[in-house]
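K.L.:
File name coords.cif; file contents mmCIF, N, CA and C atoms; full text below.
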```cif
data_coords
#
loop_
_atom_site.label_atom_id
_atom_site.label_comp_id
_atom_site.auth_asym_id
_atom_site.auth_seq_id
_atom_site.Cartn_x
_atom_site.Cartn_y
_atom_site.Cartn_z
N MET A 111 -27.97 -45.96 -11.22
CA MET A 111 -26.65 -45.92 -11.77
C MET A 111 -26.20 -47.36 -11.96
N GLY A 112 -26.01 -47.74 -13.18
CA GLY A 112 -25.63 -49.11 -13.46
C GLY A 112 -24.23 -49.18 -14.02
N LEU A 113 -23.56 -50.29 -13.76
CA LEU A 113 -22.23 -50.52 -14.30
C LEU A 113 -22.35 -51.36 -15.54
N LYS A 114 -21.61 -50.98 -16.56
CA LYS A 114 -21.59 -51.77 -17.77
C LYS A 114 -20.43 -52.73 -17.69
N MET A 115 -20.69 -53.95 -17.89
CA MET A 115 -19.65 -54.97 -17.91
C MET A 115 -19.05 -55.01 -19.31
N ALA A 116 -17.74 -55.07 -19.36
CA ALA A 116 -17.08 -55.14 -20.65
C ALA A 116 -17.27 -56.52 -21.23
N SER A 117 -17.58 -56.56 -22.47
CA SER A 117 -17.73 -57.86 -23.12
C SER A 117 -16.36 -58.44 -23.35
N PRO A 118 -16.25 -59.75 -23.52
CA PRO A 118 -14.95 -60.35 -23.74
C PRO A 118 -14.23 -59.74 -24.93
N ASN A 119 -14.93 -59.37 -25.96
CA ASN A 119 -14.29 -58.78 -27.12
C ASN A 119 -13.91 -57.33 -26.86
N GLY A 120 -14.69 -56.60 -26.04
CA GLY A 120 -14.41 -55.20 -25.75
C GLY A 120 -13.19 -55.04 -24.86
N GLY A 121 -12.87 -56.04 -24.05
CA GLY A 121 -11.71 -55.98 -23.16
C GLY A 121 -10.42 -55.94 -23.95
N ASP A 122 -10.35 -56.65 -25.05
CA ASP A 122 -9.15 -56.64 -25.88
C ASP A 122 -8.91 -55.26 -26.47
N ASP A 123 -9.98 -54.58 -26.86
CA ASP A 123 -9.83 -53.23 -27.42
C ASP A 123 -9.29 -52.27 -26.36
N PHE A 124 -9.80 -52.40 -25.14
CA PHE A 124 -9.35 -51.52 -24.07
C PHE A 124 -7.87 -51.75 -23.77
N GLU A 125 -7.45 -53.00 -23.66
CA GLU A 125 -6.05 -53.32 -23.37
C GLU A 125 -5.14 -52.86 -24.51
N SER A 126 -5.57 -53.02 -25.74
CA SER A 126 -4.73 -52.59 -26.85
C SER A 126 -4.64 -51.07 -26.92
N SER A 127 -5.63 -50.36 -26.40
CA SER A 127 -5.55 -48.91 -26.39
C SER A 127 -4.55 -48.41 -25.35
N LEU A 128 -4.22 -49.25 -24.36
CA LEU A 128 -3.26 -48.85 -23.33
C LEU A 128 -1.81 -49.11 -23.73
N LEU A 129 -1.58 -49.90 -24.75
CA LEU A 129 -0.23 -50.22 -25.16
C LEU A 129 0.46 -49.01 -25.79
N SER A 130 1.73 -48.88 -25.54
CA SER A 130 2.51 -47.80 -26.12
C SER A 130 3.63 -48.42 -26.95
N PHE A 131 3.79 -47.95 -28.15
CA PHE A 131 4.83 -48.48 -29.03
C PHE A 131 5.98 -47.49 -29.15
N GLU A 132 6.05 -46.57 -28.20
CA GLU A 132 7.12 -45.58 -28.21
C GLU A 132 8.44 -46.24 -27.85
N ASN A 133 9.49 -45.90 -28.58
CA ASN A 133 10.82 -46.47 -28.34
C ASN A 133 11.65 -45.44 -27.59
N LEU A 134 12.04 -45.77 -26.36
CA LEU A 134 12.84 -44.86 -25.55
C LEU A 134 14.29 -45.30 -25.60
N ASP A 135 15.15 -44.41 -26.06
CA ASP A 135 16.57 -44.72 -26.15
C ASP A 135 17.26 -44.21 -24.89
N ARG A 136 17.65 -45.10 -24.01
CA ARG A 136 18.28 -44.72 -22.75
C ARG A 136 19.76 -44.39 -22.90
N ALA A 137 20.32 -44.52 -24.07
CA ALA A 137 21.73 -44.25 -24.27
C ALA A 137 22.02 -42.75 -24.32
N SER A 138 21.03 -41.94 -24.55
CA SER A 138 21.25 -40.50 -24.71
C SER A 138 21.34 -39.82 -23.35
N PRO A 139 22.47 -39.16 -23.04
CA PRO A 139 22.57 -38.46 -21.76
C PRO A 139 21.67 -37.23 -21.70
N ASP A 140 21.27 -36.72 -22.87
CA ASP A 140 20.37 -35.57 -22.86
C ASP A 140 18.96 -35.97 -22.44
N LEU A 141 18.53 -37.15 -22.86
CA LEU A 141 17.20 -37.61 -22.49
C LEU A 141 17.17 -38.14 -21.06
N TRP A 142 18.28 -38.75 -20.61
CA TRP A 142 18.33 -39.37 -19.28
C TRP A 142 19.53 -38.80 -18.53
N PRO A 143 19.44 -37.54 -18.08
CA PRO A 143 20.58 -36.97 -17.36
C PRO A 143 20.78 -37.66 -16.01
N GLU A 144 21.98 -37.53 -15.50
CA GLU A 144 22.30 -38.11 -14.21
C GLU A 144 21.46 -37.40 -13.15
N GLN A 145 20.72 -38.17 -12.34
CA GLN A 145 19.83 -37.56 -11.37
C GLN A 145 20.58 -36.85 -10.26
N MET A 146 21.64 -37.47 -9.77
CA MET A 146 22.44 -36.85 -8.72
C MET A 146 23.87 -36.75 -9.23
N PRO A 147 24.37 -35.55 -9.41
CA PRO A 147 25.73 -35.39 -9.94
C PRO A 147 26.76 -36.09 -9.05
N GLY A 148 27.68 -36.79 -9.69
CA GLY A 148 28.75 -37.46 -8.97
C GLY A 148 28.50 -38.92 -8.66
N VAL A 149 27.26 -39.37 -8.80
CA VAL A 149 26.94 -40.76 -8.45
C VAL A 149 27.61 -41.72 -9.43
N ALA A 150 27.66 -41.37 -10.69
CA ALA A 150 28.27 -42.27 -11.68
C ALA A 150 29.75 -42.48 -11.38
N GLU A 151 30.46 -41.40 -11.02
CA GLU A 151 31.89 -41.54 -10.70
C GLU A 151 32.08 -42.35 -9.43
N PHE A 152 31.19 -42.15 -8.44
CA PHE A 152 31.29 -42.90 -7.20
C PHE A 152 31.05 -44.38 -7.45
N ALA A 153 30.06 -44.69 -8.27
CA ALA A 153 29.76 -46.09 -8.57
C ALA A 153 30.93 -46.73 -9.30
N ALA A 154 31.55 -46.00 -10.23
CA ALA A 154 32.70 -46.55 -10.95
C ALA A 154 33.86 -46.78 -10.00
N CYS A 155 34.02 -45.90 -9.04
CA CYS A 155 35.09 -46.03 -8.04
C CYS A 155 34.88 -47.28 -7.19
N CYS A 156 33.64 -47.58 -6.86
CA CYS A 156 33.34 -48.70 -5.97
C CYS A 156 33.31 -50.05 -6.69
N LYS A 157 33.40 -50.06 -8.00
CA LYS A 157 33.38 -51.32 -8.74
C LYS A 157 34.71 -52.05 -8.69
N ASN A 158 35.74 -51.40 -8.13
CA ASN A 158 37.04 -52.05 -8.04
C ASN A 158 36.93 -53.31 -7.19
N PRO A 159 37.65 -54.35 -7.55
CA PRO A 159 37.56 -55.58 -6.76
C PRO A 159 38.08 -55.35 -5.35
N ILE A 160 37.53 -56.10 -4.43
CA ILE A 160 37.92 -55.97 -3.03
C ILE A 160 39.33 -56.53 -2.87
N THR A 161 40.16 -55.75 -2.22
CA THR A 161 41.54 -56.18 -1.98
C THR A 161 41.68 -56.59 -0.52
N ASN A 162 42.79 -57.21 -0.20
CA ASN A 162 43.02 -57.64 1.17
C ASN A 162 43.51 -56.50 2.06
N SER A 163 43.93 -55.39 1.47
CA SER A 163 44.41 -54.28 2.28
C SER A 163 43.22 -53.54 2.88
N PRO A 164 43.36 -53.07 4.12
CA PRO A 164 42.25 -52.37 4.76
C PRO A 164 42.03 -51.00 4.12
N PRO A 165 40.83 -50.43 4.26
CA PRO A 165 40.58 -49.10 3.71
C PRO A 165 41.49 -48.06 4.37
N LYS A 166 41.63 -46.92 3.71
CA LYS A 166 42.53 -45.88 4.20
C LYS A 166 42.16 -45.42 5.61
N TRP A 167 40.84 -45.28 5.87
CA TRP A 167 40.42 -44.78 7.17
C TRP A 167 40.74 -45.77 8.28
N MET A 168 40.90 -47.04 7.93
CA MET A 168 41.16 -48.05 8.95
C MET A 168 42.65 -48.27 9.19
N ALA A 169 43.49 -47.73 8.34
CA ALA A 169 44.92 -47.97 8.43
C ALA A 169 45.52 -47.38 9.71
N GLU A 170 44.96 -46.26 10.18
CA GLU A 170 45.52 -45.60 11.35
C GLU A 170 44.89 -46.05 12.67
N LEU A 171 43.93 -46.97 12.61
CA LEU A 171 43.27 -47.42 13.83
C LEU A 171 44.13 -48.41 14.59
N GLU A 172 44.06 -48.33 15.90
CA GLU A 172 44.77 -49.28 16.75
C GLU A 172 43.83 -50.43 17.07
N ILE A 173 44.36 -51.48 17.67
CA ILE A 173 43.57 -52.67 17.98
C ILE A 173 42.40 -52.32 18.89
N GLU A 174 42.64 -51.44 19.87
CA GLU A 174 41.57 -51.04 20.79
C GLU A 174 40.44 -50.34 20.04
N ASP A 175 40.80 -49.52 19.03
CA ASP A 175 39.79 -48.81 18.25
C ASP A 175 38.93 -49.79 17.47
N ILE A 176 39.55 -50.79 16.88
CA ILE A 176 38.82 -51.78 16.10
C ILE A 176 37.90 -52.59 17.01
N GLU A 177 38.38 -52.94 18.20
CA GLU A 177 37.55 -53.67 19.16
C GLU A 177 36.35 -52.82 19.58
N MET A 178 36.57 -51.52 19.77
CA MET A 178 35.47 -50.62 20.13
C MET A 178 34.44 -50.55 19.00
N LEU A 179 34.90 -50.49 17.75
CA LEU A 179 33.98 -50.48 16.61
C LEU A 179 33.15 -51.75 16.56
N LYS A 180 33.80 -52.88 16.80
CA LYS A 180 33.08 -54.16 16.79
C LYS A 180 32.05 -54.21 17.91
N GLU A 181 32.45 -53.70 19.08
CA GLU A 181 31.53 -53.68 20.22
C GLU A 181 30.31 -52.81 19.93
N LEU A 182 30.55 -51.61 19.40
CA LEU A 182 29.44 -50.70 19.09
C LEU A 182 28.57 -51.27 17.97
N GLY A 183 29.18 -51.96 17.03
CA GLY A 183 28.42 -52.55 15.93
C GLY A 183 27.54 -53.69 16.38
N SER A 184 27.87 -54.34 17.49
CA SER A 184 27.09 -55.47 17.97
C SER A 184 25.95 -55.06 18.89
N LEU A 185 25.90 -53.78 19.27
CA LEU A 185 24.85 -53.32 20.19
C LEU A 185 23.50 -53.22 19.48
N THR A 186 22.45 -53.45 20.26
CA THR A 186 21.10 -53.24 19.74
C THR A 186 20.84 -51.74 19.68
N THR A 187 19.76 -51.35 19.05
CA THR A 187 19.43 -49.93 18.93
C THR A 187 19.25 -49.29 20.30
N ALA A 188 18.54 -49.99 21.19
CA ALA A 188 18.30 -49.44 22.53
C ALA A 188 19.62 -49.30 23.29
N ASN A 189 20.48 -50.31 23.20
CA ASN A 189 21.77 -50.24 23.90
C ASN A 189 22.65 -49.14 23.32
N LEU A 190 22.60 -48.98 22.01
CA LEU A 190 23.39 -47.92 21.37
C LEU A 190 22.90 -46.54 21.81
N MET A 191 21.58 -46.38 21.90
CA MET A 191 21.02 -45.11 22.36
C MET A 191 21.44 -44.84 23.80
N GLU A 192 21.46 -45.88 24.62
CA GLU A 192 21.90 -45.71 26.01
C GLU A 192 23.37 -45.30 26.07
N LYS A 193 24.18 -45.89 25.21
CA LYS A 193 25.60 -45.54 25.15
C LYS A 193 25.76 -44.07 24.74
N VAL A 194 24.97 -43.63 23.76
CA VAL A 194 25.04 -42.24 23.31
C VAL A 194 24.62 -41.30 24.44
N LYS A 195 23.55 -41.65 25.16
CA LYS A 195 23.12 -40.81 26.29
C LYS A 195 24.21 -40.74 27.35
N GLY A 196 24.88 -41.86 27.60
CA GLY A 196 25.97 -41.86 28.57
C GLY A 196 27.10 -40.95 28.12
N LEU A 197 27.41 -40.96 26.83
CA LEU A 197 28.46 -40.08 26.31
C LEU A 197 28.05 -38.61 26.41
N GLN A 198 26.76 -38.33 26.17
CA GLN A 198 26.28 -36.95 26.29
C GLN A 198 26.38 -36.48 27.73
N ASN A 199 26.01 -37.35 28.67
CA ASN A 199 26.12 -37.00 30.09
C ASN A 199 27.57 -36.77 30.48
N LEU A 200 28.45 -37.63 29.99
CA LEU A 200 29.88 -37.48 30.29
C LEU A 200 30.42 -36.16 29.72
N ALA A 201 30.00 -35.81 28.52
CA ALA A 201 30.44 -34.55 27.90
C ALA A 201 29.91 -33.36 28.71
N TYR A 202 28.68 -33.46 29.20
CA TYR A 202 28.11 -32.39 30.01
C TYR A 202 28.89 -32.23 31.31
N GLN A 203 29.17 -33.35 31.97
CA GLN A 203 29.94 -33.31 33.22
C GLN A 203 31.33 -32.74 32.98
N LEU A 204 31.95 -33.11 31.88
CA LEU A 204 33.27 -32.59 31.54
C LEU A 204 33.21 -31.08 31.32
N GLY A 205 32.15 -30.61 30.69
CA GLY A 205 31.97 -29.17 30.47
C GLY A 205 31.82 -28.43 31.80
N LEU A 206 31.06 -29.02 32.74
CA LEU A 206 30.91 -28.39 34.05
C LEU A 206 32.25 -28.32 34.78
N GLU A 207 32.99 -29.43 34.73
CA GLU A 207 34.30 -29.46 35.38
C GLU A 207 35.25 -28.44 34.76
N GLU A 208 35.23 -28.33 33.45
CA GLU A 208 36.08 -27.36 32.77
C GLU A 208 35.70 -25.93 33.17
N SER A 209 34.42 -25.68 33.28
CA SER A 209 33.95 -24.36 33.68
C SER A 209 34.44 -24.03 35.09
N ARG A 210 34.36 -24.99 36.01
CA ARG A 210 34.85 -24.76 37.38
C ARG A 210 36.35 -24.48 37.39
N GLU A 211 37.10 -25.25 36.60
CA GLU A 211 38.54 -25.05 36.56
C GLU A 211 38.92 -23.71 35.94
N MET A 212 38.18 -23.27 34.94
CA MET A 212 38.45 -21.97 34.33
C MET A 212 38.14 -20.85 35.32
N THR A 213 37.05 -21.00 36.07
CA THR A 213 36.71 -20.01 37.09
C THR A 213 37.79 -19.98 38.16
N ARG A 214 38.23 -21.14 38.57
CA ARG A 214 39.29 -21.24 39.58
C ARG A 214 40.58 -20.56 39.07
N GLY A 215 40.93 -20.83 37.82
CA GLY A 215 42.11 -20.22 37.23
C GLY A 215 42.00 -18.71 37.16
N LYS A 216 40.78 -18.23 36.90
CA LYS A 216 40.55 -16.79 36.84
C LYS A 216 40.76 -16.16 38.21
N PHE A 217 40.25 -16.80 39.27
CA PHE A 217 40.41 -16.26 40.62
C PHE A 217 41.85 -16.33 41.09
N LEU A 218 42.61 -17.30 40.62
CA LEU A 218 44.02 -17.43 41.02
C LEU A 218 44.94 -16.60 40.13
N ASN A 219 44.37 -15.93 39.15
CA ASN A 219 45.10 -15.08 38.21
C ASN A 219 46.19 -15.86 37.45
N ILE A 220 45.95 -17.10 37.16
CA ILE A 220 46.93 -17.86 36.39
C ILE A 220 46.69 -17.76 34.89
N LEU A 221 45.59 -17.15 34.53
CA LEU A 221 45.27 -17.03 33.10
C LEU A 221 45.63 -15.67 32.54
N GLU A 222 46.14 -14.78 33.36
CA GLU A 222 46.51 -13.46 32.88
C GLU A 222 47.76 -13.55 32.01
N ARG A 223 47.82 -12.69 31.02
CA ARG A 223 49.01 -12.61 30.17
C ARG A 223 50.08 -11.82 30.91
N PRO A 224 51.31 -12.25 30.79
CA PRO A 224 52.38 -11.50 31.46
C PRO A 224 52.53 -10.10 30.84
N LYS A 225 52.79 -9.12 31.69
CA LYS A 225 52.96 -7.76 31.20
C LYS A 225 54.36 -7.61 30.63
N LYS A 226 54.42 -6.93 29.51
CA LYS A 226 55.73 -6.73 28.84
C LYS A 226 56.32 -5.41 29.19
#
```
In structure tokens, what does this structure look like?

P.N.:
Amino acid sequence: MGLKMASPNGGDDFESSLLSFENLDRASPDLWPEQMPGVAEFAACCKNPITNSPPKWMAELEIEDIEMLKELGSLTTANLMEKVKGLQNLAYQLGLEESREMTRGKFLNILERPKK
């Protein structure tokens, strides 16, 4: 099994056979539909110049909330995962405590509805 080496003149023929002279008009929305609906409107919305006013979601935050966001943003991935695990453990403990208190309330009959 032998390989044929392309001659210098034959290489030009091969390259010219790969060229395409097709003209694609990207202006037509029928030929190039929007891949994800809504992206064009979102992009147009985000092209507005940056203003000095904070975003709407940040308007209601207090100073402590902003400091917490900065703190969480500065954590490494491992530290952030540890923080998340700590929050999960805290939520679990809170659930256990709530369950005990509900059981206690049930035994003390403080959760019964008053009879009319």

K.L.:
Provide the atom CA of Ala153 of chain A to atom CA of Met168 of chain A distance in Å, to one decimal place.

P.N.:
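Computed distance, atom CA of Ala153 of chain A to atom CA of Met168 of chain A, equals 21.0 Å.
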
K.L.:
Rounded to one decimal place, report the atom CA of Glu181 of chain A-atom CA of Lys193 of chain A distance in Å.

P.N.:
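Taking atom CA of Glu181 of chain A as the start and atom CA of Lys193 of chain A as the end point, the length is 11.2 Å.
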
K.L.:
Quick one: distance from atom C of Glu192 of chain A to atom N of Glu170 of chain A in Å, one decimal?

P.N.:
26.8 Å

K.L.:
Return as AutoDock Vina command-line options the box centre and box size in Å, one decimal, for an axis-aligned box around all listed atoms of segment 161-179 of chain A padded by 8 Å per side.

P.N.:
```
--center_x 39.3 --center_y -51.2 --center_z 9.3 --size_x 28.4 --size_y 28.9 --size_z 39.0
```
